[in-house]
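Next up, model04.txt (compact mmCIF, C-alpha atoms):
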```txt
# COMPACT_ATOMS: atom_id res chain seq x y z
CA MET I 5 -16.13 1.88 -24.84
CA ILE I 6 -17.26 0.62 -28.24
CA ALA I 7 -13.67 0.70 -29.53
CA LYS I 8 -12.62 -1.45 -26.56
CA PHE I 9 -15.40 -3.97 -27.30
CA ILE I 10 -14.48 -4.28 -30.98
CA PHE I 11 -10.76 -4.44 -30.21
CA ASP I 12 -11.21 -7.22 -27.64
CA ARG I 13 -13.26 -9.44 -29.94
CA THR I 14 -11.08 -8.89 -33.01
CA ILE I 15 -7.68 -9.33 -31.39
CA SER I 16 -8.76 -12.27 -29.23
CA ILE I 17 -9.89 -14.37 -32.20
CA LEU I 18 -6.76 -13.43 -34.13
CA GLY I 19 -4.66 -14.33 -31.08
CA LEU I 20 -6.37 -17.70 -30.71
CA LEU I 21 -5.63 -18.49 -34.35
CA PHE I 22 -2.08 -17.13 -34.35
CA PHE I 23 -1.03 -18.88 -31.13
CA SER I 24 -2.76 -22.19 -31.87
CA TRP I 25 0.64 -23.85 -32.42
CA LEU I 26 1.86 -22.59 -29.03
CA PHE I 27 -1.30 -23.87 -27.33
CA LEU I 28 -0.53 -27.33 -28.71
CA ILE I 29 3.13 -27.28 -27.63
CA VAL I 30 2.34 -26.06 -24.11
CA ALA I 31 -0.46 -28.63 -23.74
CA ILE I 32 1.92 -31.45 -24.71
CA LEU I 33 4.63 -30.19 -22.34
CA ILE I 34 2.19 -29.98 -19.44
CA LYS I 35 1.00 -33.53 -20.09
CA ILE I 36 4.59 -34.78 -20.15
CA LYS I 37 6.04 -32.73 -17.28
CA MET I 38 2.96 -32.20 -15.10
CA PRO I 39 0.57 -35.16 -15.37
CA GLY I 40 -2.98 -34.04 -14.81
CA PRO I 41 -5.29 -31.37 -16.27
CA ILE I 42 -3.81 -29.04 -18.89
CA LEU I 43 -5.95 -26.09 -17.90
CA PHE I 44 -6.45 -24.46 -14.53
CA VAL I 45 -10.09 -23.43 -14.30
CA GLN I 46 -11.20 -21.34 -11.34
CA GLU I 47 -14.26 -19.32 -10.43
CA ARG I 48 -13.56 -15.59 -10.42
CA ILE I 49 -15.62 -12.45 -9.96
CA GLY I 50 -16.48 -10.77 -13.26
CA LYS I 51 -18.41 -7.75 -14.45
CA ASN I 52 -21.25 -6.68 -12.14
CA GLY I 53 -20.00 -9.14 -9.53
CA LYS I 54 -21.08 -12.20 -11.54
CA ILE I 55 -19.02 -15.36 -11.15
CA PHE I 56 -17.40 -16.80 -14.26
CA LYS I 57 -14.82 -19.49 -14.94
CA CYS I 58 -11.34 -18.13 -15.70
CA HIS I 59 -8.97 -20.28 -17.79
CA LYS I 60 -5.18 -20.53 -17.59
CA PHE I 61 -2.56 -23.13 -18.34
CA ARG I 62 -1.93 -25.09 -15.15
CA THR I 63 1.35 -24.12 -13.45
CA MET I 64 1.01 -25.88 -10.10
CA THR I 65 0.98 -29.41 -8.80
CA ILE I 66 -2.45 -30.98 -8.44
CA ASN I 67 -2.17 -31.49 -4.68
CA HIS I 68 -1.37 -28.21 -2.96
CA SER I 69 -2.69 -26.05 -0.13
CA GLY I 70 -5.10 -24.20 -2.36
CA SER I 71 -4.04 -20.76 -1.09
CA SER I 72 -4.99 -17.89 -3.40
CA ILE I 73 -1.70 -16.10 -2.59
CA SER I 74 1.31 -17.26 -4.58
CA MET I 75 4.97 -16.69 -3.79
CA ALA I 76 8.00 -17.18 -6.01
CA GLY I 77 9.91 -20.35 -5.25
CA GLU I 78 6.95 -22.25 -3.84
CA ASN I 79 7.15 -26.03 -4.19
CA ARG I 80 3.62 -26.14 -5.56
CA ILE I 81 4.75 -24.16 -8.64
CA THR I 82 6.48 -26.63 -10.98
CA PRO I 83 9.67 -25.75 -12.94
CA LEU I 84 7.66 -25.68 -16.18
CA GLY I 85 4.97 -23.67 -14.44
CA ALA I 86 7.53 -21.09 -13.32
CA ILE I 87 8.62 -20.59 -16.94
CA LEU I 88 5.03 -20.27 -18.14
CA ARG I 89 4.37 -17.68 -15.42
CA LYS I 90 7.56 -15.72 -16.10
CA TYR I 91 6.69 -15.17 -19.75
CA LYS I 92 2.91 -14.89 -19.09
CA ILE I 93 2.26 -17.89 -21.36
CA ASP I 94 -0.06 -19.32 -18.70
CA GLU I 95 -2.44 -16.43 -19.49
CA LEU I 96 -2.96 -17.40 -23.16
CA PRO I 97 -6.18 -19.41 -22.56
CA GLY I 98 -7.60 -16.12 -21.28
CA LEU I 99 -7.94 -15.15 -24.95
CA TRP I 100 -11.01 -17.39 -25.01
CA ASP I 101 -12.47 -15.61 -21.99
CA VAL I 102 -11.97 -12.31 -23.82
CA PHE I 103 -13.55 -13.63 -27.01
CA ILE I 104 -16.72 -14.80 -25.25
CA GLY I 105 -17.00 -11.48 -23.41
CA LYS I 106 -16.18 -12.59 -19.87
CA MET I 107 -12.93 -10.64 -19.81
CA SER I 108 -11.17 -7.77 -21.57
CA PHE I 109 -7.54 -7.37 -22.54
CA VAL I 110 -7.18 -4.47 -20.11
CA GLY I 111 -8.94 -4.10 -16.78
CA PRO I 112 -8.74 -5.18 -13.14
CA ARG I 113 -7.47 -8.70 -12.54
CA PRO I 114 -10.44 -10.96 -11.73
CA ASP I 115 -10.60 -11.62 -8.00
CA VAL I 116 -11.41 -14.94 -6.39
CA PRO I 117 -14.72 -14.92 -4.49
CA GLY I 118 -14.30 -13.17 -1.16
CA TYR I 119 -12.04 -10.32 -2.25
CA ALA I 120 -14.69 -8.43 -4.20
CA ASP I 121 -16.73 -8.45 -0.99
CA LYS I 122 -14.07 -6.22 0.57
CA LEU I 123 -14.84 -3.40 -1.85
CA GLN I 124 -16.66 -0.61 -0.04
CA GLY I 125 -18.68 2.40 -1.20
CA LYS I 126 -17.50 3.97 -4.45
CA GLU I 127 -14.81 1.29 -4.82
CA ARG I 128 -17.55 -1.11 -5.91
CA GLU I 129 -17.78 0.86 -9.16
CA ILE I 130 -14.78 -1.22 -10.23
CA LEU I 131 -17.19 -4.13 -10.66
CA ASN I 132 -18.74 -2.26 -13.60
CA LEU I 133 -15.64 -3.23 -15.57
CA ARG I 134 -14.86 -6.51 -17.25
CA PRO I 135 -11.78 -8.00 -15.61
CA GLY I 136 -8.64 -7.86 -17.72
CA ILE I 137 -5.72 -10.07 -18.67
CA THR I 138 -3.55 -7.07 -17.92
CA GLY I 139 -4.12 -3.62 -16.46
CA PRO I 140 -2.50 -0.91 -14.34
CA ALA I 141 -2.45 -3.02 -11.17
CA SER I 142 -1.13 -6.05 -13.08
CA LEU I 143 1.67 -3.95 -14.53
CA LYS I 144 2.69 -2.41 -11.22
CA TYR I 145 2.69 -5.81 -9.53
CA ARG I 146 4.04 -7.90 -12.39
CA GLU I 147 6.66 -9.18 -9.91
CA GLU I 148 4.07 -9.71 -7.19
CA GLU I 149 5.10 -13.27 -6.36
CA TYR I 150 8.72 -12.20 -5.85
CA ILE I 151 7.75 -9.14 -3.79
CA ILE I 152 5.60 -11.24 -1.47
CA ALA I 153 8.34 -13.86 -1.17
CA ALA I 154 10.88 -11.13 -0.32
CA PHE I 155 8.61 -9.76 2.41
CA VAL I 156 8.13 -13.23 3.91
CA GLU I 157 11.88 -13.88 3.79
CA HIS I 158 12.54 -10.65 5.66
CA ILE I 159 10.01 -11.42 8.37
CA LEU I 160 11.11 -15.02 8.84
CA HIS I 161 14.85 -14.76 8.15
CA GLY I 162 15.74 -11.07 8.43
CA LYS I 163 16.71 -10.62 4.79
CA GLN I 164 16.91 -7.02 3.59
CA PHE I 165 13.87 -5.49 1.94
CA PRO I 166 14.27 -4.89 -1.82
CA LYS I 167 13.36 -1.43 -3.08
CA GLU I 168 10.09 -2.78 -4.53
CA ILE I 169 8.75 -3.52 -1.05
CA THR I 170 6.14 -1.10 0.28
CA LEU I 171 5.62 -1.10 4.03
CA PRO I 172 3.38 0.64 6.54
CA ASP I 173 4.96 2.68 9.32
CA GLU I 174 4.31 -0.14 11.78
CA LEU I 175 4.18 -3.90 11.27
CA PRO I 176 2.20 -6.35 13.39
CA ASN I 177 3.93 -9.01 15.46
CA PHE I 178 4.36 -12.03 13.18
CA THR I 179 5.87 -14.29 15.85
CA GLY I 180 4.70 -17.85 15.32
CA GLN I 181 3.00 -17.05 12.00
CA THR I 182 3.44 -19.31 8.98
CA ALA I 183 4.84 -18.08 5.67
CA GLU I 184 1.38 -18.46 4.16
CA ASN I 185 -0.24 -16.28 6.83
CA ILE I 186 2.47 -13.61 6.46
CA ALA I 187 2.04 -13.60 2.69
CA LYS I 188 -1.73 -13.25 3.05
CA TRP I 189 -1.33 -10.32 5.46
CA TYR I 190 0.98 -8.48 3.06
CA ASN I 191 -1.35 -9.10 0.12
CA ASP I 192 -4.53 -8.12 2.00
CA ASN I 193 -3.15 -5.03 3.75
CA ILE I 194 -0.62 -3.62 1.30
CA ILE I 195 -0.96 -4.95 -2.23
CA TYR I 196 -4.72 -5.41 -2.55
CA PRO I 197 -5.71 -1.90 -1.36
CA ASP I 198 -3.18 -0.40 -3.78
CA LYS I 199 -4.61 -2.47 -6.64
CA VAL I 200 -8.09 -1.20 -5.75
CA ARG I 201 -6.78 2.38 -5.87
CA LEU I 202 -5.28 1.86 -9.34
CA ASN I 203 -8.36 0.07 -10.67
CA TYR I 204 -10.63 2.84 -9.37
CA PHE I 205 -8.46 5.41 -11.14
CA TYR I 206 -8.64 3.33 -14.33
CA TYR I 207 -12.44 3.23 -14.19
CA HIS I 208 -12.74 7.00 -13.88
CA ASN I 209 -9.94 7.87 -16.31
CA TYR I 210 -10.46 5.35 -19.10
CA SER I 211 -8.45 5.89 -22.27
CA PHE I 212 -8.31 3.52 -25.25
CA ILE I 213 -4.84 4.86 -26.04
CA LYS I 214 -3.69 3.98 -22.51
CA ASP I 215 -5.16 0.50 -23.01
CA ILE I 216 -2.94 0.01 -26.06
CA GLN I 217 0.08 1.34 -24.16
CA MET I 218 -0.56 -1.09 -21.31
CA ILE I 219 -0.87 -4.03 -23.70
CA PHE I 220 2.47 -3.17 -25.30
CA ALA I 221 4.04 -2.60 -21.87
CA THR I 222 2.85 -6.06 -20.84
CA VAL I 223 4.16 -7.81 -23.97
CA LEU I 224 7.50 -5.96 -24.03
CA GLY I 225 8.06 -5.93 -20.27
CA LYS I 226 8.26 -2.12 -20.20
CA ARG I 227 7.08 0.40 -17.61
CA ILE I 228 4.89 3.38 -18.35
CA PRO I 229 3.73 6.48 -16.44
CA TYR I 230 0.23 6.11 -15.03
CA ALA I 231 -1.77 7.76 -12.28
CA GLY I 232 1.20 9.86 -11.20
CA GLU I 233 3.68 6.98 -10.91
CA ILE I 234 5.64 4.51 -13.00
CA ILE I 235 3.99 1.11 -13.29
```
Encoding of this model in C-alpha cells:
Amino acid sequence: MIAKFIFDRTISILGLLFFSWLFLIVAILIKIKMPGPILFVQERIGKNGKIFKCHKFRTMTINHSGSSISMAGENRITPLGAILRKYKIDELPGLWDVFIGKMSFVGPRPDVPGYADKLQGKEREILNLRPGITGPASLKYREEEYIIAAFVEHILHGKQFPKEITLPDELPNFTGQTAENIAKWYNDNIIYPDKVRLNYFYYHNYSFIKDIQMIFATVLGKRIPYAGEII
C-alpha cells in the first residue's frame, strides 16, 4: 500500500493549501451562526485499535444529548450544520488527520469507542486499516441520517418505508421506545453489521484504482459497483 501512503500525504497537503480559503469562510460562518467551538473533536478508534482525535467542522448545537447516532431533521443539527453535512464540507478538517497519518482518504469510517469492541474473530482484521474519510460503507450509507430518520418515522408514525430501507424478516416490539432508542437499534442491528461486511471485503480486496474511483464517487455524488452491489 505504498501508493496509498504517498497519495494520502501528497493530496492531503495540497487539499489543505487549496481549501484554506474555504476553511476561513466556514470558520467565520460557524462563529457567527453557531457560537462556540469551530471544530468538533472526538475520540475515535484508529489503526490497530488505537484511539485518536478526529476533527470535523462542528455541525451541532453545543448542548445536546450526545448520542452517537444522528438522524436527519434533528434539532441538535443546526441549519448551517445541515448544509455542511449535505456537501461533506464538515469533513474537510479530516485532511489534517490524513496528513499526520491518523486517517486515510479511503477506508472504514472511524468508530467511536465501544463499536470496535463488537468486532469478532476475523472481522477484527479491519482494525489493521487506517480509518478513512470515505470508503465503501460511507458511499453505500451516504444518506444514512435520512435512512435512519425514515425508519424511525415508520415505527413511530406509520410512514411508508423508502426503497433504501433494509429490514430483517421480523422486527422487535418498539412500543414505548424513544426515537433515539429506535434509531440506535436500526444502526446497531442493520447498518453497522453491513458496514463491517463491506469494510472486511475492502481489507481483503484492496485496489488503489478502486480507491480513486471511490474518491471521485464521493466528490461527484455518483454510485459505483462494488462487492457485487451498487454503492
Of the listed residues I:Leu26, I:Met64, I:Cys58, I:Leu88, that which approaches Pro41 of chain I most closely, counting all atoms listed in the file =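 Of all the options, I:Met64 lies closest to Pro41 of chain I.
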Å distance separating atom CA of Lys214 of chain I from atom CA of Lys106 of chain I, one decimal place |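 Separation between atom CA of Lys214 of chain I and atom CA of Lys106 of chain I: 20.9 Å.
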Work out how far apart atom CA of Lys51 of chain I and atom CA of Phe9 of chain I are and give it in Å to one decimal.
->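 If I compute the distance from atom CA of Lys51 of chain I to atom CA of Phe9 of chain I, I get 13.7 Å.
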Long-range neighbours of Leu171 of chain I as a PyMOL selection string, 10 Å cut-off, all atoms listed in the file, 2 positions minimum in chain = chain I and resi 155+165+168-169+173-175+190+193-195
Record the distance separating atom CA of Arg48 of chain I and atom CA of His208 of chain I, expressed in Å with one decimal.
->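 Computing it gives 22.9 Å between the two atoms.
If all atoms listed in the file are the atoms counted, then among I:Phe61, I:Phe22, I:Phe212, I:Phe205 the closest residue to Lys92 of chain I is I:Phe61.
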Put the listed atoms of segment 17-22 of chain I in a box along x, y and z with 8 Å added on every side and give me the centre and edge lengths in Å to one decimal, as JSON.
```
{"center_x": -6.0, "center_y": -16.0, "center_z": -32.5, "size_x": 23.8, "size_y": 21.1, "size_z": 19.6}
```
Polymer residues at most 10 Å from Tyr145 of chain I, only C-alpha atoms, same-chain spacing of 3 or more positions, as a PyMOL selection string = chain I and resi 139-142+148-151+168+195+198-199+235
Of the candidates I:Glu127, I:Asp215, I:Glu95, I:Glu233, which shows the shortest atom-to-atom distance to Arg62 of chain I, using all atoms listed in the file?
-> I:Glu95
Within 9 Å of Leu143 of chain I using only C-alpha atoms, minus same-chain residues under 5 positions, as a PyMOL selection string | chain I and resi 138+218+221-222+225-228+235
Could you write those residues out with C-alpha atoms, as a short mmCIF file (atom, residue, chain, number, x, y, z; two decimals), in the frame of the given file?
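This is the output file selection-v1.cif:
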```cif
data_model
loop_
_atom_site.label_atom_id
_atom_site.label_comp_id
_atom_site.auth_asym_id
_atom_site.auth_seq_id
_atom_site.Cartn_x
_atom_site.Cartn_y
_atom_site.Cartn_z
CA THR I 138 -3.55 -7.07 -17.92
CA MET I 218 -0.56 -1.09 -21.31
CA ALA I 221 4.04 -2.60 -21.87
CA THR I 222 2.85 -6.06 -20.84
CA GLY I 225 8.06 -5.93 -20.27
CA LYS I 226 8.26 -2.12 -20.20
CA ARG I 227 7.08 0.40 -17.61
CA ILE I 228 4.89 3.38 -18.35
CA ILE I 235 3.99 1.11 -13.29
#
```
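Closest approach to Gln217 of chain I from the set I:Pro229, I:Gly136, I:Gly125, I:Gly85 is made by I:Pro229, with distances taken over all atoms listed in the file.
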Write out as JSON, numbers by chain the residues lying within 12 Å of Met38 of chain I, counting only C-alpha atoms and excluding same-chain residues fewer than 6 positions away.
-> {"I": [30, 31, 32, 61, 62, 63, 64, 65, 66, 67, 80, 81, 82, 83, 84, 85]}
Long-range neighbours of Phe109 of chain I as a ChimeraX atom specification, 9 Å cut-off, all atoms listed in the file, 3 positions minimum in chain | /I:8,11-12,16,98-99,102,135-139,215,219
What would the file look like if the residues just selected were written as an mmCIF file, in the coordinates of the input with C-alpha atoms?
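In the end it all went to out.cif:
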```
data_model
loop_
_atom_site.group_PDB
_atom_site.id
_atom_site.type_symbol
_atom_site.label_atom_id
_atom_site.label_comp_id
_atom_site.auth_asym_id
_atom_site.auth_seq_id
_atom_site.Cartn_x
_atom_site.Cartn_y
_atom_site.Cartn_z
ATOM 1 C CA LYS I 8 -12.620 -1.450 -26.560
ATOM 2 C CA PHE I 11 -10.760 -4.440 -30.210
ATOM 3 C CA ASP I 12 -11.210 -7.220 -27.640
ATOM 4 C CA SER I 16 -8.760 -12.270 -29.230
ATOM 5 C CA GLY I 98 -7.600 -16.120 -21.280
ATOM 6 C CA LEU I 99 -7.940 -15.150 -24.950
ATOM 7 C CA VAL I 102 -11.970 -12.310 -23.820
ATOM 8 C CA PRO I 135 -11.780 -8.000 -15.610
ATOM 9 C CA GLY I 136 -8.640 -7.860 -17.720
ATOM 10 C CA ILE I 137 -5.720 -10.070 -18.670
ATOM 11 C CA THR I 138 -3.550 -7.070 -17.920
ATOM 12 C CA GLY I 139 -4.120 -3.620 -16.460
ATOM 13 C CA ASP I 215 -5.160 0.500 -23.010
ATOM 14 C CA ILE I 219 -0.870 -4.030 -23.700
#
```
Given only C-alpha atoms as the counted atoms, nearest of I:Val45, I:Leu202, I:Ile36, I:Ala153 to Gly232 of chain I | I:Leu202
May I ask which of the residues I:Ile159, I:Leu224, I:Ala183, I:Leu123 is the closest one to Tyr196 of chain I, counting all atoms listed in the file?
->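 Using all atoms listed in the file, Tyr196 of chain I sits closest to I:Leu123.
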Please write as a PyMOL selection string the list of polymer residues whose atoms come within 12 Å of (-10.0, -13.0, -34.1), counting all atoms listed in the file and keeping to the coordinates of the file.
-> chain I and resi 10-24+99-100+102-104
Please return, as an MDAnalysis selection string, all polymer residues that have at least one atom within 9 Å of the point (-2.2, -15.5, -3.1); use only C-alpha atoms and the file's own coordinate frame.
-> chainID I and resid 71:75 149 184 187:188 191
My structure is short of atoms at segment 189-220 of chain I; please model N, CA and C atoms there, returning them as an mmCIF file, in the coordinates of the input.
```
data_model
loop_
_atom_site.group_PDB
_atom_site.id
_atom_site.type_symbol
_atom_site.label_atom_id
_atom_site.label_comp_id
_atom_site.auth_asym_id
_atom_site.auth_seq_id
_atom_site.Cartn_x
_atom_site.Cartn_y
_atom_site.Cartn_z
ATOM 1 N N TRP I 189 -1.236 -11.634 4.824
ATOM 2 C CA TRP I 189 -1.330 -10.320 5.460
ATOM 3 C C TRP I 189 -0.786 -9.246 4.534
ATOM 4 N N TYR I 190 0.370 -9.490 3.924
ATOM 5 C CA TYR I 190 0.980 -8.480 3.060
ATOM 6 C C TYR I 190 0.095 -8.207 1.840
ATOM 7 N N ASN I 191 -0.472 -9.269 1.266
ATOM 8 C CA ASN I 191 -1.350 -9.100 0.120
ATOM 9 C C ASN I 191 -2.610 -8.313 0.518
ATOM 10 N N ASP I 192 -3.240 -8.710 1.621
ATOM 11 C CA ASP I 192 -4.530 -8.120 2.000
ATOM 12 C C ASP I 192 -4.419 -6.684 2.489
ATOM 13 N N ASN I 193 -3.288 -6.349 3.120
ATOM 14 C CA ASN I 193 -3.150 -5.030 3.750
ATOM 15 C C ASN I 193 -2.317 -4.029 2.963
ATOM 16 N N ILE I 194 -1.490 -4.523 2.059
ATOM 17 C CA ILE I 194 -0.620 -3.620 1.300
ATOM 18 C C ILE I 194 -0.928 -3.663 -0.195
ATOM 19 N N ILE I 195 -0.833 -4.847 -0.784
ATOM 20 C CA ILE I 195 -0.960 -4.950 -2.230
ATOM 21 C C ILE I 195 -2.415 -4.763 -2.690
ATOM 22 N N TYR I 196 -3.340 -5.473 -2.079
ATOM 23 C CA TYR I 196 -4.720 -5.410 -2.550
ATOM 24 C C TYR I 196 -5.317 -3.999 -2.485
ATOM 25 N N PRO I 197 -5.164 -3.268 -1.383
ATOM 26 C CA PRO I 197 -5.710 -1.900 -1.360
ATOM 27 C C PRO I 197 -5.095 -1.002 -2.437
ATOM 28 N N ASP I 198 -3.814 -1.208 -2.743
ATOM 29 C CA ASP I 198 -3.180 -0.400 -3.780
ATOM 30 C C ASP I 198 -3.717 -0.772 -5.159
ATOM 31 N N LYS I 199 -4.005 -2.047 -5.378
ATOM 32 C CA LYS I 199 -4.610 -2.470 -6.640
ATOM 33 C C LYS I 199 -5.996 -1.845 -6.802
ATOM 34 N N VAL I 200 -6.755 -1.809 -5.710
ATOM 35 C CA VAL I 200 -8.090 -1.200 -5.750
ATOM 36 C C VAL I 200 -7.973 0.270 -6.133
ATOM 37 N N ARG I 201 -7.000 0.961 -5.558
ATOM 38 C CA ARG I 201 -6.780 2.380 -5.870
ATOM 39 C C ARG I 201 -6.510 2.568 -7.366
ATOM 40 N N LEU I 202 -5.628 1.745 -7.923
ATOM 41 C CA LEU I 202 -5.280 1.860 -9.340
ATOM 42 C C LEU I 202 -6.464 1.510 -10.234
ATOM 43 N N ASN I 203 -7.208 0.472 -9.869
ATOM 44 C CA ASN I 203 -8.360 0.070 -10.670
ATOM 45 C C ASN I 203 -9.465 1.118 -10.634
ATOM 46 N N TYR I 204 -9.636 1.775 -9.493
ATOM 47 C CA TYR I 204 -10.630 2.840 -9.370
ATOM 48 C C TYR I 204 -10.234 4.030 -10.251
ATOM 49 N N PHE I 205 -8.952 4.336 -10.271
ATOM 50 C CA PHE I 205 -8.460 5.410 -11.140
ATOM 51 C C PHE I 205 -8.702 5.043 -12.601
ATOM 52 N N TYR I 206 -8.436 3.791 -12.947
ATOM 53 C CA TYR I 206 -8.640 3.330 -14.330
ATOM 54 C C TYR I 206 -10.102 3.502 -14.745
ATOM 55 N N TYR I 207 -11.015 3.143 -13.868
ATOM 56 C CA TYR I 207 -12.440 3.230 -14.190
ATOM 57 C C TYR I 207 -12.846 4.665 -14.487
ATOM 58 N N HIS I 208 -12.325 5.608 -13.726
ATOM 59 C CA HIS I 208 -12.740 7.000 -13.880
ATOM 60 C C HIS I 208 -11.856 7.793 -14.853
ATOM 61 N N ASN I 209 -10.829 7.170 -15.374
ATOM 62 C CA ASN I 209 -9.940 7.870 -16.310
ATOM 63 C C ASN I 209 -9.633 6.991 -17.508
ATOM 64 N N TYR I 210 -10.675 6.299 -18.001
ATOM 65 C CA TYR I 210 -10.460 5.350 -19.100
ATOM 66 C C TYR I 210 -9.962 6.042 -20.352
ATOM 67 N N SER I 211 -8.993 5.404 -21.010
ATOM 68 C CA SER I 211 -8.450 5.890 -22.270
ATOM 69 C C SER I 211 -8.090 4.688 -23.136
ATOM 70 N N PHE I 212 -8.639 4.621 -24.347
ATOM 71 C CA PHE I 212 -8.310 3.520 -25.250
ATOM 72 C C PHE I 212 -6.830 3.540 -25.609
ATOM 73 N N ILE I 213 -6.266 4.738 -25.738
ATOM 74 C CA ILE I 213 -4.840 4.860 -26.040
ATOM 75 C C ILE I 213 -4.008 4.270 -24.904
ATOM 76 N N LYS I 214 -4.409 4.539 -23.667
ATOM 77 C CA LYS I 214 -3.690 3.980 -22.510
ATOM 78 C C LYS I 214 -3.817 2.452 -22.493
ATOM 79 N N ASP I 215 -4.989 1.946 -22.912
ATOM 80 C CA ASP I 215 -5.160 0.500 -23.010
ATOM 81 C C ASP I 215 -4.100 -0.096 -23.933
ATOM 82 N N ILE I 216 -3.927 0.508 -25.095
ATOM 83 C CA ILE I 216 -2.940 0.010 -26.060
ATOM 84 C C ILE I 216 -1.538 0.089 -25.475
ATOM 85 N N GLN I 217 -1.238 1.194 -24.793
ATOM 86 C CA GLN I 217 0.080 1.340 -24.160
ATOM 87 C C GLN I 217 0.316 0.244 -23.125
ATOM 88 N N MET I 218 -0.720 -0.074 -22.348
ATOM 89 C CA MET I 218 -0.560 -1.090 -21.310
ATOM 90 C C MET I 218 -0.388 -2.485 -21.906
ATOM 91 N N ILE I 219 -1.050 -2.740 -23.027
ATOM 92 C CA ILE I 219 -0.870 -4.030 -23.700
ATOM 93 C C ILE I 219 0.570 -4.170 -24.186
ATOM 94 N N PHE I 220 1.094 -3.125 -24.827
ATOM 95 C CA PHE I 220 2.470 -3.170 -25.300
ATOM 96 C C PHE I 220 3.455 -3.262 -24.136
#
```
